[in-house]
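Engineer: Below is the file upload-v3.pdb, which contains PDB, C-alpha atoms.
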```pdb
MODEL        1
ATOM      1  CA  GLY A   1      27.759 -80.674 109.803  1.00  0.00           C
ATOM      2  CA  THR A   2      29.957 -83.587 108.890  1.00  0.00           C
ATOM      3  CA  PRO A   3      30.624 -86.735 110.961  1.00  0.00           C
ATOM      4  CA  GLY A   4      33.891 -85.268 112.243  1.00  0.00           C
ATOM      5  CA  GLY A   5      32.122 -82.109 113.382  1.00  0.00           C
ATOM      6  CA  GLY A   6      33.877 -79.958 110.747  1.00  0.00           C
ATOM      7  CA  ALA A   7      32.288 -77.795 108.136  1.00  0.00           C
ATOM      8  CA  GLU A   8      30.600 -79.408 105.163  1.00  0.00           C
ATOM      9  CA  ALA A   9      32.629 -79.673 101.990  1.00  0.00           C
ATOM     10  CA  PRO A  10      31.676 -77.165  99.316  1.00  0.00           C
ATOM     11  CA  PRO A  11      29.669 -78.526  96.372  1.00  0.00           C
ATOM     12  CA  GLY A  12      31.929 -80.293  93.906  1.00  0.00           C
ATOM     13  CA  ALA A  13      34.758 -80.769  96.423  1.00  0.00           C
ATOM     14  CA  TYR A  14      34.556 -84.558  96.226  1.00  0.00           C
ATOM     15  CA  ALA A  15      34.510 -84.477  92.428  1.00  0.00           C
ATOM     16  CA  GLU A  16      37.533 -82.143  92.498  1.00  0.00           C
ATOM     17  CA  ALA A  17      39.385 -84.535  94.815  1.00  0.00           C
ATOM     18  CA  ASP A  18      38.486 -87.478  92.557  1.00  0.00           C
ATOM     19  CA  ARG A  19      39.590 -85.562  89.460  1.00  0.00           C
ATOM     20  CA  ARG A  20      42.943 -84.711  91.019  1.00  0.00           C
ATOM     21  CA  ARG A  21      43.467 -88.238  92.363  1.00  0.00           C
ATOM     22  CA  LEU A  22      42.650 -89.779  88.974  1.00  0.00           C
ATOM     23  CA  CYS A  23      45.011 -87.374  87.180  1.00  0.00           C
ATOM     24  CA  GLU A  24      47.803 -88.307  89.577  1.00  0.00           C
ATOM     25  CA  GLU A  25      47.106 -92.052  89.239  1.00  0.00           C
ATOM     26  CA  ILE A  26      47.069 -91.922  85.440  1.00  0.00           C
ATOM     27  CA  LEU A  27      50.397 -90.120  85.391  1.00  0.00           C
ATOM     28  CA  ALA A  28      51.937 -92.315  88.106  1.00  0.00           C
ATOM     29  CA  ASP A  29      50.916 -95.417  86.123  1.00  0.00           C
ATOM     30  CA  GLY A  30      52.906 -94.093  83.158  1.00  0.00           C
ATOM     31  CA  TYR A  31      50.054 -93.116  80.842  1.00  0.00           C
ATOM     32  CA  VAL A  32      51.334 -89.704  79.786  1.00  0.00           C
ATOM     33  CA  GLN A  33      49.072 -89.228  76.737  1.00  0.00           C
ATOM     34  CA  SER A  34      46.060 -90.451  78.709  1.00  0.00           C
ATOM     35  CA  PHE A  35      46.913 -87.952  81.440  1.00  0.00           C
ATOM     36  CA  VAL A  36      47.059 -85.086  78.929  1.00  0.00           C
ATOM     37  CA  ASP A  37      43.724 -86.068  77.365  1.00  0.00           C
ATOM     38  CA  PHE A  38      42.051 -86.740  80.729  1.00  0.00           C
ATOM     39  CA  PHE A  39      43.290 -83.455  82.159  1.00  0.00           C
ATOM     40  CA  TYR A  40      41.977 -81.532  79.163  1.00  0.00           C
ATOM     41  CA  LEU A  41      38.624 -83.355  79.176  1.00  0.00           C
ATOM     42  CA  THR A  42      38.069 -82.649  82.868  1.00  0.00           C
ATOM     43  CA  HIS A  43      39.537 -79.101  83.009  1.00  0.00           C
ATOM     44  CA  ARG A  44      37.796 -77.134  80.268  1.00  0.00           C
ATOM     45  CA  PRO A  45      34.771 -74.943  79.770  1.00  0.00           C
ATOM     46  CA  ASP A  46      31.472 -76.823  79.817  1.00  0.00           C
ATOM     47  CA  PRO A  47      30.471 -77.280  76.159  1.00  0.00           C
ATOM     48  CA  ASN A  48      26.787 -77.071  77.129  1.00  0.00           C
ATOM     49  CA  ALA A  49      26.985 -73.997  79.358  1.00  0.00           C
ATOM     50  CA  GLU A  50      26.006 -70.540  78.217  1.00  0.00           C
ATOM     51  CA  PRO A  51      28.957 -68.118  78.237  1.00  0.00           C
ATOM     52  CA  THR A  52      28.794 -65.437  80.891  1.00  0.00           C
ATOM     53  CA  PRO A  53      31.034 -62.562  79.676  1.00  0.00           C
ATOM     54  CA  MET A  54      30.743 -60.593  82.912  1.00  0.00           C
ATOM     55  CA  LEU A  55      31.829 -63.526  85.085  1.00  0.00           C
ATOM     56  CA  ASP A  56      34.333 -65.534  83.079  1.00  0.00           C
ATOM     57  CA  GLY A  57      35.238 -63.468  80.038  1.00  0.00           C
ATOM     58  CA  GLY A  58      32.792 -65.461  77.922  1.00  0.00           C
ATOM     59  CA  ALA A  59      34.538 -68.811  78.357  1.00  0.00           C
ATOM     60  CA  GLY A  60      31.634 -70.386  80.265  1.00  0.00           C
ATOM     61  CA  ARG A  61      31.766 -72.302  83.505  1.00  0.00           C
ATOM     62  CA  GLU A  62      34.160 -75.198  83.893  1.00  0.00           C
ATOM     63  CA  ILE A  63      32.799 -78.619  83.068  1.00  0.00           C
ATOM     64  CA  GLU A  64      31.608 -80.747  85.979  1.00  0.00           C
ATOM     65  CA  VAL A  65      32.328 -84.392  85.253  1.00  0.00           C
ATOM     66  CA  PRO A  66      30.603 -86.935  87.517  1.00  0.00           C
ATOM     67  CA  PRO A  67      32.951 -89.467  89.164  1.00  0.00           C
ATOM     68  CA  GLU A  68      31.484 -92.418  87.194  1.00  0.00           C
ATOM     69  CA  GLU A  69      32.095 -90.554  83.941  1.00  0.00           C
ATOM     70  CA  MET A  70      35.665 -89.727  84.975  1.00  0.00           C
ATOM     71  CA  LEU A  71      36.306 -93.429  85.567  1.00  0.00           C
ATOM     72  CA  TYR A  72      34.826 -94.334  82.176  1.00  0.00           C
ATOM     73  CA  VAL A  73      36.964 -91.742  80.404  1.00  0.00           C
ATOM     74  CA  ARG A  74      40.089 -92.776  82.314  1.00  0.00           C
ATOM     75  CA  ASP A  75      39.530 -96.467  81.614  1.00  0.00           C
ATOM     76  CA  ASN A  76      39.062 -95.959  77.881  1.00  0.00           C
ATOM     77  CA  LEU A  77      41.992 -93.557  77.543  1.00  0.00           C
ATOM     78  CA  THR A  78      44.398 -95.844  79.394  1.00  0.00           C
ATOM     79  CA  GLN A  79      43.079 -98.904  77.543  1.00  0.00           C
ATOM     80  CA  ALA A  80      43.749 -97.152  74.231  1.00  0.00           C
ATOM     81  CA  GLU A  81      47.241 -96.071  75.262  1.00  0.00           C
ATOM     82  CA  ASN A  82      48.135 -99.517  76.586  1.00  0.00           C
ATOM     83  CA  ALA A  83      46.764-101.206  73.445  1.00  0.00           C
ATOM     84  CA  ARG A  84      48.728 -98.799  71.241  1.00  0.00           C
ATOM     85  CA  ARG A  85      51.922 -99.836  73.041  1.00  0.00           C
ATOM     86  CA  GLN A  86      51.060-103.487  72.368  1.00  0.00           C
ATOM     87  CA  GLY A  87      50.226-102.828  68.701  1.00  0.00           C
ATOM     88  CA  ASP A  88      46.586-103.824  69.244  1.00  0.00           C
ATOM     89  CA  THR A  89      44.961-101.263  66.974  1.00  0.00           C
ATOM     90  CA  SER A  90      41.486-102.808  67.091  1.00  0.00           C
ATOM     91  CA  THR A  91      41.376-102.239  70.866  1.00  0.00           C
ATOM     92  CA  VAL A  92      42.646 -98.676  70.387  1.00  0.00           C
ATOM     93  CA  TYR A  93      39.913 -98.086  67.816  1.00  0.00           C
ATOM     94  CA  GLY A  94      37.280 -99.610  70.136  1.00  0.00           C
ATOM     95  CA  ALA A  95      38.291 -97.460  73.103  1.00  0.00           C
ATOM     96  CA  TYR A  96      38.249 -94.264  71.042  1.00  0.00           C
ATOM     97  CA  SER A  97      34.924 -95.243  69.512  1.00  0.00           C
ATOM     98  CA  ASN A  98      33.520 -95.799  73.024  1.00  0.00           C
ATOM     99  CA  LEU A  99      34.656 -92.314  73.995  1.00  0.00           C
ATOM    100  CA  ALA A 100      33.221 -90.755  70.823  1.00  0.00           C
ATOM    101  CA  GLN A 101      29.850 -92.389  71.467  1.00  0.00           C
ATOM    102  CA  HIS A 102      29.952 -91.349  75.111  1.00  0.00           C
ATOM    103  CA  PHE A 103      30.569 -87.702  74.264  1.00  0.00           C
ATOM    104  CA  GLN A 104      27.774 -87.804  71.705  1.00  0.00           C
ATOM    105  CA  LYS A 105      25.418 -89.079  74.439  1.00  0.00           C
ATOM    106  CA  VAL A 106      26.397 -86.271  76.835  1.00  0.00           C
ATOM    107  CA  LYS A 107      25.773 -83.701  74.083  1.00  0.00           C
ATOM    108  CA  ASP A 108      29.402 -82.791  73.440  1.00  0.00           C
ATOM    109  CA  PRO A 109      29.644 -83.336  69.669  1.00  0.00           C
ATOM    110  CA  LYS A 110      32.971 -81.534  69.220  1.00  0.00           C
ATOM    111  CA  THR A 111      34.676 -83.957  71.578  1.00  0.00           C
ATOM    112  CA  GLY A 112      32.845 -86.838  69.913  1.00  0.00           C
ATOM    113  CA  VAL A 113      34.244 -85.659  66.574  1.00  0.00           C
ATOM    114  CA  TYR A 114      37.737 -85.529  68.082  1.00  0.00           C
ATOM    115  CA  PHE A 115      37.564 -89.207  69.052  1.00  0.00           C
ATOM    116  CA  TYR A 116      35.927 -90.306  65.785  1.00  0.00           C
ATOM    117  CA  GLU A 117      38.756 -88.516  63.974  1.00  0.00           C
ATOM    118  CA  LYS A 118      41.222 -90.522  66.079  1.00  0.00           C
ATOM    119  CA  CYS A 119      39.384 -93.677  64.957  1.00  0.00           C
ATOM    120  CA  LEU A 120      39.694 -92.523  61.368  1.00  0.00           C
ATOM    121  CA  GLU A 121      43.401 -91.809  61.795  1.00  0.00           C
ATOM    122  CA  ILE A 122      44.062 -95.262  63.251  1.00  0.00           C
ATOM    123  CA  SER A 123      42.075 -96.924  60.469  1.00  0.00           C
ATOM    124  CA  ARG A 124      44.014 -95.087  57.797  1.00  0.00           C
ATOM    125  CA  LEU A 125      47.376 -95.853  59.398  1.00  0.00           C
ATOM    126  CA  THR A 126      46.587 -99.548  59.574  1.00  0.00           C
ATOM    127  CA  GLY A 127      44.775 -99.865  56.246  1.00  0.00           C
ATOM    128  CA  ASP A 128      41.537-100.896  57.988  1.00  0.00           C
ATOM    129  CA  LYS A 129      39.001-100.002  55.278  1.00  0.00           C
ATOM    130  CA  ARG A 130      35.971-101.088  57.335  1.00  0.00           C
ATOM    131  CA  GLY A 131      37.092 -99.011  60.296  1.00  0.00           C
ATOM    132  CA  GLU A 132      37.757 -96.074  57.998  1.00  0.00           C
ATOM    133  CA  MET A 133      34.278 -96.352  56.480  1.00  0.00           C
ATOM    134  CA  ALA A 134      32.668 -96.647  59.920  1.00  0.00           C
ATOM    135  CA  ALA A 135      34.531 -93.617  61.274  1.00  0.00           C
ATOM    136  CA  ASN A 136      33.703 -91.566  58.180  1.00  0.00           C
ATOM    137  CA  ASN A 137      30.056 -92.615  58.505  1.00  0.00           C
ATOM    138  CA  ASP A 138      29.952 -91.614  62.174  1.00  0.00           C
ATOM    139  CA  LEU A 139      31.565 -88.259  61.381  1.00  0.00           C
ATOM    140  CA  GLY A 140      29.117 -87.662  58.546  1.00  0.00           C
ATOM    141  CA  LEU A 141      26.171 -88.407  60.809  1.00  0.00           C
ATOM    142  CA  ILE A 142      27.409 -85.898  63.382  1.00  0.00           C
ATOM    143  CA  TYR A 143      27.901 -83.221  60.751  1.00  0.00           C
ATOM    144  CA  GLN A 144      24.381 -83.760  59.397  1.00  0.00           C
ATOM    145  CA  VAL A 145      22.583 -83.141  62.698  1.00  0.00           C
ATOM    146  CA  PRO A 146      21.634 -79.449  62.914  1.00  0.00           C
ATOM    147  CA  SER A 147      21.633 -79.397  66.725  1.00  0.00           C
ATOM    148  CA  THR A 148      25.389 -80.131  66.844  1.00  0.00           C
ATOM    149  CA  GLY A 149      26.180 -76.764  65.275  1.00  0.00           C
ATOM    150  CA  LEU A 150      28.957 -78.426  63.276  1.00  0.00           C
ATOM    151  CA  GLN A 151      27.431 -78.354  59.785  1.00  0.00           C
ATOM    152  CA  HIS A 152      29.665 -75.505  58.620  1.00  0.00           C
ATOM    153  CA  ALA A 153      32.770 -77.112  60.120  1.00  0.00           C
ATOM    154  CA  ASN A 154      32.361 -80.213  57.970  1.00  0.00           C
ATOM    155  CA  PRO A 155      35.473 -80.627  55.807  1.00  0.00           C
ATOM    156  CA  THR A 156      33.452 -82.655  53.284  1.00  0.00           C
ATOM    157  CA  ARG A 157      30.694 -80.036  52.977  1.00  0.00           C
ATOM    158  CA  GLN A 158      31.999 -79.032  49.545  1.00  0.00           C
ATOM    159  CA  LEU A 159      31.521 -82.604  48.363  1.00  0.00           C
ATOM    160  CA  ILE A 160      27.899 -82.578  49.472  1.00  0.00           C
ATOM    161  CA  ARG A 161      27.136 -79.330  47.645  1.00  0.00           C
ATOM    162  CA  THR A 162      28.805 -80.351  44.364  1.00  0.00           C
ATOM    163  CA  PRO A 163      26.105 -80.731  41.680  1.00  0.00           C
ATOM    164  CA  ARG A 164      25.598 -84.366  40.760  1.00  0.00           C
ATOM    165  CA  HIS A 165      26.138 -83.699  37.048  1.00  0.00           C
ATOM    166  CA  ALA A 166      29.491 -81.981  37.597  1.00  0.00           C
ATOM    167  CA  THR A 167      32.538 -83.999  36.697  1.00  0.00           C
ATOM    168  CA  LEU A 168      35.632 -83.087  38.651  1.00  0.00           C
ATOM    169  CA  PRO A 169      38.988 -84.614  37.796  1.00  0.00           C
ATOM    170  CA  PRO A 170      40.484 -86.908  40.455  1.00  0.00           C
ATOM    171  CA  SER A 171      43.021 -84.182  41.311  1.00  0.00           C
ATOM    172  CA  HIS A 172      40.183 -82.441  43.177  1.00  0.00           C
ATOM    173  CA  TRP A 173      39.668 -85.412  45.451  1.00  0.00           C
ATOM    174  CA  SER A 174      42.006 -86.963  47.936  1.00  0.00           C
ATOM    175  CA  SER A 175      43.992 -89.828  46.472  1.00  0.00           C
ATOM    176  CA  ARG A 176      42.129 -92.286  48.701  1.00  0.00           C
ATOM    177  CA  PHE A 177      38.710 -91.044  47.649  1.00  0.00           C
ATOM    178  CA  ALA A 178      39.718 -91.089  43.970  1.00  0.00           C
ATOM    179  CA  ALA A 179      40.921 -94.677  44.351  1.00  0.00           C
ATOM    180  CA  VAL A 180      37.611 -95.696  45.932  1.00  0.00           C
ATOM    181  CA  LEU A 181      35.702 -94.025  43.093  1.00  0.00           C
ATOM    182  CA  GLN A 182      37.786 -95.883  40.504  1.00  0.00           C
ATOM    183  CA  HIS A 183      37.120 -99.257  42.145  1.00  0.00           C
ATOM    184  CA  HIS A 184      33.434 -98.561  42.821  1.00  0.00           C
ATOM    185  CA  PRO A 185      31.974 -96.597  39.905  1.00  0.00           C
ATOM    186  CA  THR A 186      28.709 -94.870  40.662  1.00  0.00           C
ATOM    187  CA  ASP A 187      25.515 -96.055  39.082  1.00  0.00           C
ATOM    188  CA  GLN A 188      24.539 -93.227  36.739  1.00  0.00           C
ATOM    189  CA  THR A 189      20.859 -94.148  36.997  1.00  0.00           C
ATOM    190  CA  CYS A 190      20.881 -92.966  40.602  1.00  0.00           C
ATOM    191  CA  HIS A 191      21.660 -89.421  39.508  1.00  0.00           C
ATOM    192  CA  ARG A 192      18.829 -88.967  37.019  1.00  0.00           C
ATOM    193  CA  ALA A 193      15.950 -86.740  38.009  1.00  0.00           C
TER     194      ALA A 193
ENDMDL
END
```
Spit out the file's structure as C-alpha coordinates when you get a sec.
Structural biologist:
Amino acid sequence: GTPGGGAEAPPGAYAEADRRRLCEEILADGYVQSFVDFFYLTHRPDPNAEPTPMLDGGAGREIEVPPEEMLYVRDNLTQAENARRQGDTSTVYGAYSNLAQHFQKVKDPKTGVYFYEKCLEISRLTGDKRGEMAANNDLGLIYQVPSTGLQHANPTRQLIRTPRHATLPPSHWSSRFAAVLQHHPTDQTCHRA
(Lines of atoms letter the chains of each structure in order from A and count residues from 1; the text may use other names and numbers.)
(Lines give C-alpha, C1' and ligand atoms only; values in the text may rest on other atoms or scores of the structure.)
Protein backbone atom coordinates (compact mmCIF):
# COMPACT_ATOMS: atom_id res chain seq x y z
CA GLY A 1 0.00 0.00 0.00
CA THR A 2 0.85 3.66 0.08
CA PRO A 3 1.35 5.86 3.17
CA GLY A 4 -2.21 7.17 2.90
CA GLY A 5 -3.59 3.63 2.80
CA GLY A 6 -4.72 3.98 -0.84
CA ALA A 7 -3.79 1.81 -3.74
CA GLU A 8 -0.30 2.04 -5.19
CA ALA A 9 0.13 4.23 -8.24
CA PRO A 10 0.48 2.32 -11.49
CA PRO A 11 4.00 2.15 -12.96
CA GLY A 12 4.86 5.37 -14.76
CA ALA A 13 2.16 7.40 -12.98
CA TYR A 14 4.70 9.72 -11.36
CA ALA A 15 6.52 10.23 -14.66
CA GLU A 16 3.17 10.98 -16.33
CA ALA A 17 2.35 13.55 -13.63
CA ASP A 18 5.80 15.12 -14.02
CA ARG A 19 5.44 15.20 -17.81
CA ARG A 20 2.07 16.92 -17.58
CA ARG A 21 3.25 19.37 -14.91
CA LEU A 22 6.34 20.28 -16.94
CA CYS A 23 4.26 20.78 -20.10
CA GLU A 24 1.93 23.10 -18.21
CA GLU A 25 4.82 25.04 -16.63
CA ILE A 26 6.60 25.52 -19.95
CA LEU A 27 3.44 26.87 -21.54
CA ALA A 28 2.50 29.01 -18.52
CA ASP A 29 6.00 30.55 -18.58
CA GLY A 30 5.38 31.65 -22.17
CA TYR A 31 7.69 29.25 -24.00
CA VAL A 32 5.31 28.18 -26.76
CA GLN A 33 7.91 26.66 -29.11
CA SER A 34 9.59 24.88 -26.20
CA PHE A 35 6.21 23.48 -25.19
CA VAL A 36 5.58 22.14 -28.70
CA ASP A 37 9.02 20.52 -28.88
CA PHE A 38 8.85 19.17 -25.31
CA PHE A 39 5.37 17.76 -25.86
CA TYR A 40 6.47 16.01 -29.04
CA LEU A 41 9.68 14.66 -27.47
CA THR A 42 7.80 13.22 -24.50
CA HIS A 43 4.65 12.01 -26.33
CA ARG A 44 5.86 9.87 -29.22
CA PRO A 45 6.66 6.27 -30.01
CA ASP A 46 9.85 5.00 -28.39
CA PRO A 47 12.52 5.12 -31.11
CA ASN A 48 14.23 2.07 -29.58
CA ALA A 49 11.15 -0.11 -29.12
CA GLU A 50 10.20 -2.88 -31.48
CA PRO A 51 6.86 -2.23 -33.22
CA THR A 52 4.04 -4.49 -32.13
CA PRO A 53 1.47 -4.47 -34.99
CA MET A 54 -1.12 -6.46 -33.05
CA LEU A 55 -1.06 -4.10 -30.06
CA ASP A 56 -0.43 -0.62 -31.40
CA GLY A 57 -0.78 -0.79 -35.17
CA GLY A 58 2.99 -1.02 -35.54
CA ALA A 59 3.74 2.38 -34.00
CA GLY A 60 5.59 0.92 -31.00
CA ARG A 61 5.11 1.74 -27.36
CA GLU A 62 5.20 5.34 -26.21
CA ILE A 63 8.54 6.64 -25.05
CA GLU A 64 9.18 6.66 -21.30
CA VAL A 65 11.31 9.66 -20.40
CA PRO A 66 12.84 9.65 -16.91
CA PRO A 67 12.13 12.78 -14.83
CA GLU A 68 15.80 13.88 -14.85
CA GLU A 69 15.86 13.65 -18.64
CA MET A 70 12.62 15.64 -18.90
CA LEU A 71 14.19 18.40 -16.82
CA TYR A 72 17.31 18.41 -19.01
CA VAL A 73 15.25 18.62 -22.19
CA ARG A 74 13.00 21.33 -20.74
CA ASP A 75 15.95 23.39 -19.52
CA ASN A 76 17.74 23.30 -22.87
CA LEU A 77 14.60 24.01 -24.90
CA THR A 78 13.60 26.99 -22.77
CA GLN A 79 17.19 28.26 -22.67
CA ALA A 80 17.30 28.15 -26.47
CA GLU A 81 13.96 29.91 -26.83
CA ASN A 82 14.87 32.59 -24.30
CA ALA A 83 18.28 33.14 -25.93
CA ARG A 84 16.64 33.41 -29.36
CA ARG A 85 14.41 36.19 -28.02
CA GLN A 86 17.51 38.00 -26.73
CA GLY A 87 19.40 37.52 -30.01
CA ASP A 88 22.02 35.35 -28.30
CA THR A 89 22.58 32.84 -31.08
CA SER A 90 25.64 31.21 -29.52
CA THR A 91 23.53 30.17 -26.51
CA VAL A 92 20.79 28.91 -28.84
CA TYR A 93 23.38 26.88 -30.73
CA GLY A 94 24.84 25.52 -27.47
CA ALA A 95 21.45 24.43 -26.12
CA TYR A 96 20.52 22.67 -29.36
CA SER A 97 23.94 21.05 -29.51
CA ASN A 98 23.46 19.80 -25.93
CA LEU A 99 20.15 18.26 -26.94
CA ALA A 100 21.63 16.68 -30.08
CA GLN A 101 24.43 15.10 -28.05
CA HIS A 102 21.96 13.94 -25.41
CA PHE A 103 19.75 12.19 -27.96
CA GLN A 104 22.80 10.56 -29.51
CA LYS A 105 23.73 9.19 -26.06
CA VAL A 106 20.24 7.74 -25.50
CA LYS A 107 20.40 6.05 -28.92
CA ASP A 108 17.88 8.29 -30.68
CA PRO A 109 19.89 9.41 -33.72
CA LYS A 110 16.92 10.81 -35.66
CA THR A 111 16.20 13.28 -32.88
CA GLY A 112 19.91 14.02 -32.59
CA VAL A 113 19.93 14.84 -36.31
CA TYR A 114 16.94 17.13 -35.82
CA PHE A 115 18.82 19.22 -33.26
CA TYR A 116 22.10 19.21 -35.21
CA GLU A 117 20.11 20.46 -38.20
CA LYS A 118 18.78 23.27 -36.00
CA CYS A 119 22.40 24.10 -35.11
CA LEU A 120 23.24 24.15 -38.80
CA GLU A 121 20.28 26.40 -39.56
CA ILE A 122 21.27 28.89 -36.86
CA SER A 123 24.88 28.91 -38.06
CA ARG A 124 23.84 29.60 -41.62
CA LEU A 125 21.42 32.36 -40.62
CA THR A 126 24.09 34.12 -38.59
CA GLY A 127 27.03 33.48 -40.92
CA ASP A 128 28.84 31.44 -38.25
CA LYS A 129 31.20 29.39 -40.44
CA ARG A 130 32.76 27.50 -37.52
CA GLY A 131 29.35 26.54 -36.17
CA GLU A 132 28.26 25.51 -39.65
CA MET A 133 31.34 23.32 -40.07
CA ALA A 134 30.86 21.76 -36.63
CA ALA A 135 27.18 21.00 -37.26
CA ASN A 136 27.95 19.54 -40.69
CA ASN A 137 30.71 17.43 -39.14
CA ASP A 138 28.39 16.14 -36.43
CA LEU A 139 25.71 15.31 -39.00
CA GLY A 140 28.25 13.54 -41.19
CA LEU A 141 29.45 11.45 -38.26
CA ILE A 142 25.90 10.36 -37.47
CA TYR A 143 25.23 9.42 -41.08
CA GLN A 144 28.42 7.34 -41.23
CA VAL A 145 27.56 5.08 -38.29
CA PRO A 146 25.79 1.96 -39.60
CA SER A 147 23.92 1.33 -36.35
CA THR A 148 21.96 4.60 -36.72
CA GLY A 149 20.16 3.27 -39.79
CA LEU A 150 20.41 6.74 -41.34
CA GLN A 151 23.01 6.09 -44.05
CA HIS A 152 20.44 6.12 -46.85
CA ALA A 153 18.75 9.25 -45.49
CA ASN A 154 21.95 11.27 -45.82
CA PRO A 155 21.30 14.21 -48.16
CA THR A 156 25.03 14.39 -48.96
CA ARG A 157 25.30 10.69 -49.84
CA GLN A 158 25.53 11.56 -53.54
CA LEU A 159 28.59 13.68 -52.80
CA ILE A 160 30.30 10.78 -51.08
CA ARG A 161 29.67 8.40 -53.99
CA THR A 162 30.84 10.82 -56.70
CA PRO A 163 34.07 9.46 -58.25
CA ARG A 164 37.05 11.56 -57.26
CA HIS A 165 38.10 12.12 -60.88
CA ALA A 166 34.69 13.44 -61.92
CA THR A 167 34.45 17.17 -62.42
CA LEU A 168 31.01 18.59 -61.83
CA PRO A 169 30.26 22.23 -62.58
CA PRO A 170 29.44 24.41 -59.56
CA SER A 171 25.77 24.42 -60.63
CA HIS A 172 25.58 20.88 -59.21
CA TRP A 173 26.62 22.05 -55.77
CA SER A 174 24.90 24.41 -53.42
CA SER A 175 26.12 27.97 -53.79
CA ARG A 176 27.71 27.81 -50.34
CA PHE A 177 29.60 24.61 -51.08
CA ALA A 178 30.78 25.97 -54.44
CA ALA A 179 32.03 29.12 -52.72
CA VAL A 180 33.96 27.04 -50.17
CA LEU A 181 35.51 24.98 -52.98
CA GLN A 182 36.59 28.15 -54.80
CA HIS A 183 38.28 29.56 -51.69
CA HIS A 184 39.83 26.24 -50.63
CA PRO A 185 40.96 24.34 -53.73
CA THR A 186 41.58 20.66 -53.17
CA ASP A 187 45.06 19.28 -53.30
CA GLN A 188 45.08 17.10 -56.41
CA THR A 189 47.82 14.89 -54.97
CA CYS A 190 45.34 13.58 -52.41
CA HIS A 191 43.21 12.06 -55.16
CA ARG A 192 45.91 10.03 -56.90
CA ALA A 193 45.87 6.29 -56.45
Engineer: Could you tell me which of A:Ser34, A:Thr42, A:Asn137, A:Thr111 comes closest to A:Pro66 if we count only C-alpha atoms?
Structural biologist: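 So, comparing all the options, the nearest one is A:Thr42.
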Engineer: Excluding A:Ile26 and residues on its chain fewer than 3 positions from it, collect all residues at most 9 Å away from it, counting all atoms listed in the file, and give them as a PDB file with C-alpha atoms, in the coordinates of the input.
Structural biologist:
```pdb
ATOM      1  CA  ARG A  21      43.467 -88.238  92.363  1.00  0.00           C
ATOM      2  CA  LEU A  22      42.650 -89.779  88.974  1.00  0.00           C
ATOM      3  CA  CYS A  23      45.011 -87.374  87.180  1.00  0.00           C
ATOM      4  CA  ASP A  29      50.916 -95.417  86.123  1.00  0.00           C
ATOM      5  CA  GLY A  30      52.906 -94.093  83.158  1.00  0.00           C
ATOM      6  CA  TYR A  31      50.054 -93.116  80.842  1.00  0.00           C
ATOM      7  CA  VAL A  32      51.334 -89.704  79.786  1.00  0.00           C
ATOM      8  CA  SER A  34      46.060 -90.451  78.709  1.00  0.00           C
ATOM      9  CA  PHE A  35      46.913 -87.952  81.440  1.00  0.00           C
ATOM     10  CA  PHE A  38      42.051 -86.740  80.729  1.00  0.00           C
ATOM     11  CA  ARG A  74      40.089 -92.776  82.314  1.00  0.00           C
ATOM     12  CA  THR A  78      44.398 -95.844  79.394  1.00  0.00           C
TER      13      THR A  78
END
```
Engineer: Interatomic distance between atom CA of A:Glu25 and atom CA of A:Val65?
Structural biologist: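 Computing it gives 17.1 Å between the two atoms.
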Engineer: Please compute the atom CA of A:Glu81-atom CA of A:Pro47 distance, one decimal, in Å.
Structural biologist: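 Interatomic distance here is 25.2 Å.
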Engineer: Have a look at A:Asp18, A:Glu50, A:Asp37, A:Glu64 and name the one nearest to A:Tyr96; count all atoms listed in the file.
Structural biologist: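 Of the candidates, the smallest distance to A:Tyr96 is held by A:Asp37.
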Engineer: Care to translate the PyMOL selection byres ((chain A and resi 100) around 10) into actual residues of this file, as an MDAnalysis selection string?
Structural biologist: chainID A and resid 94:99 101:105 108:119 138:139
